[in-house]
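To start, the structure under review is shown below, and the notes come after it.
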Amino acid sequence: MLTRQNLLRTKPVEQLADEGAHTALKRGMGLVPLVSLSVGATLGTGIFVVLGDAAPKAGPAVVLSFVLAGLAALFSALSYAELAGAVPVSGSAYSYSYATLGELVAWVCGWCLLLEYGVSVAAVAVGWGEYLNAFFESTLGLRIPEALAAPPGEGGLVNIPAAIVVLLAATVLLGGIRESAAVTTVATLLKVGVLVFFVAVAVTGFESGNLTPFSPAGFVGIAGGASAVFFSFIGFDAASTAGEEARNPQRDLPRAIVISLAIVTSVYVLVALTAVAAVGTDTLGASKASLAAVLEQVTGTGWPATILAFGAVVAIASVVLTVLYGQTRILVSMSRDGLIPRFFSRVNRRAVPQTNTLVVGGVVALLAALVPLGQLAEATSIGTLVAFSLVNVGVLVLRYKQPNLPRTFRTPFAPVTPLIGLVLCVGLVLGLDEITWATFAIWVLIGLIVYFAYGARRSKLNHQ
């Protein structure tokens, strides 16, 4: 029988730590792979895909939109870093909520993470096809037909490239964590190099006139742009999903989270500033392969755009790989707790959750092939912001309940810092449009139905 006590029962931190210490997953990731995982899951989404959508909303002040979103992410990242060091398990915000706010809240958080990770993979994959077309056109003079390279509602029937990149990422994950980490590290170094190349070329076309009027829609436009691009900062929490595959999670997870966010925010701001100053927001908004368009206009030749398009193809593919990884590891934790079917947490001889990866890859590939980018990106933002809000609250609750719990990283200036992170997240949520809110409400309602029909009755914690 379900009672209020069952729904609010928390999972002891000691039990979570014990499960993480005796995991069936393989510990093989040091600090560099963790930073690469976090940067790889982040760097590329906002710049290569969403900049063209956010720039018309905020004008040249889209640069400040990235700063505002990065600031909101920073306060939440500090909370993530503390909980990652104290509770080093694969469940990320879901497990942190389970330890601090109770099972029902943890389920809602986990359900939001499914939206955050799964949908963000699909959103990024949708933009991958545009850059693939740009690369093919500049090198081979060919384009994938629009009907097969764009989803319904955006001039196509089905986005075949988007589905392919998701399935390729799932195949890499099936090879094992070390192989996946090696691919991610190489791809991350490549994409950083390509973006440095973009800044070096775009700055030669810098025109101050393109920066005026700087903020035509005022703070409302800046906040709207920040809400739209915030999902491009979600990657830093991918490191926290590797809690059971890191060699020294208490030491390395907090460092990886903070270092990766600093790298990503700096690159986003530099690229956005040089792109807007070079061509203006109208040109950026005219193409989803906006950075390639910038280089073509600045240089008057196609070869820089070809390099950029190739870098984008690799960069976006690596985002798909790393975020898909995070999705599967959160499902491992939820399955281990009995809230979703057991097969999600079973691993094969390579210590890979094989069935989990196949199911997630198939569902996300279908989503990427059939759903437009704009709706995906904003739905992801609200799921992300809810999860971040719960992590900020979780730091405060755990500080109160277990002040003497060993913590390898402590959020500075607590409780002020987590409270600021919470307020910023709530503010960004309020900046999202009504359709996004309606979509999210339906998603949460479906999640509650699933929980009460399945998870609540099969929860291992409730049967202990």
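Letters for chains follow the order of the structure tokens (A, B, ...), residue numbers begin at 1 for each chain, and ligand numbers begin at 1 in the order shown.
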* To do: List every residue of region 203-429 of chain A that DSSP, applied to the backbone of this structure, assigns to alpha helix (DSSP H), and report them as a ChimeraX atom specification.
  => /A:218-229,249-279,281-285,290-299,303-336,354-370,373-401,416-429
* Which residues come within 7 Å of Ser92 (chain A), counting only C-alpha atoms, excluding same-chain residues fewer than 3 positions away, as number ranges by chain? -> A: 89, 95-96, 240-241, 330
* Residue contacts of Phe409 (chain A) (9 Å, only C-alpha atoms) excluding same-chain residues fewer than 5 positions away, as a list in words ->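 Counting only C-alpha atoms, the residues come to Leu78, Ala81, Glu82, Leu83, Ala84, Gly85, Ala86, Gln250, Arg251, Pro254 and Arg255 of chain A.
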* To do: Write out as a list in words which residues come within 12 Å of Lys401 (chain A) when counting only C-alpha atoms, dropping same-chain ones fewer than 4 positions away.
  => Thr10, Pro12, Val13, Ala99, Thr100, Leu101, Gly394, Val395, Leu396, Val397 and Leu405 of chain A
* Among listed residues A:Val279, A:Ala24, A:Leu324, A:Val271, nearest Thr171 (chain A) (using only C-alpha atoms) ->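 Among the listed residues, A:Leu324 lies closest to Thr171 (chain A).
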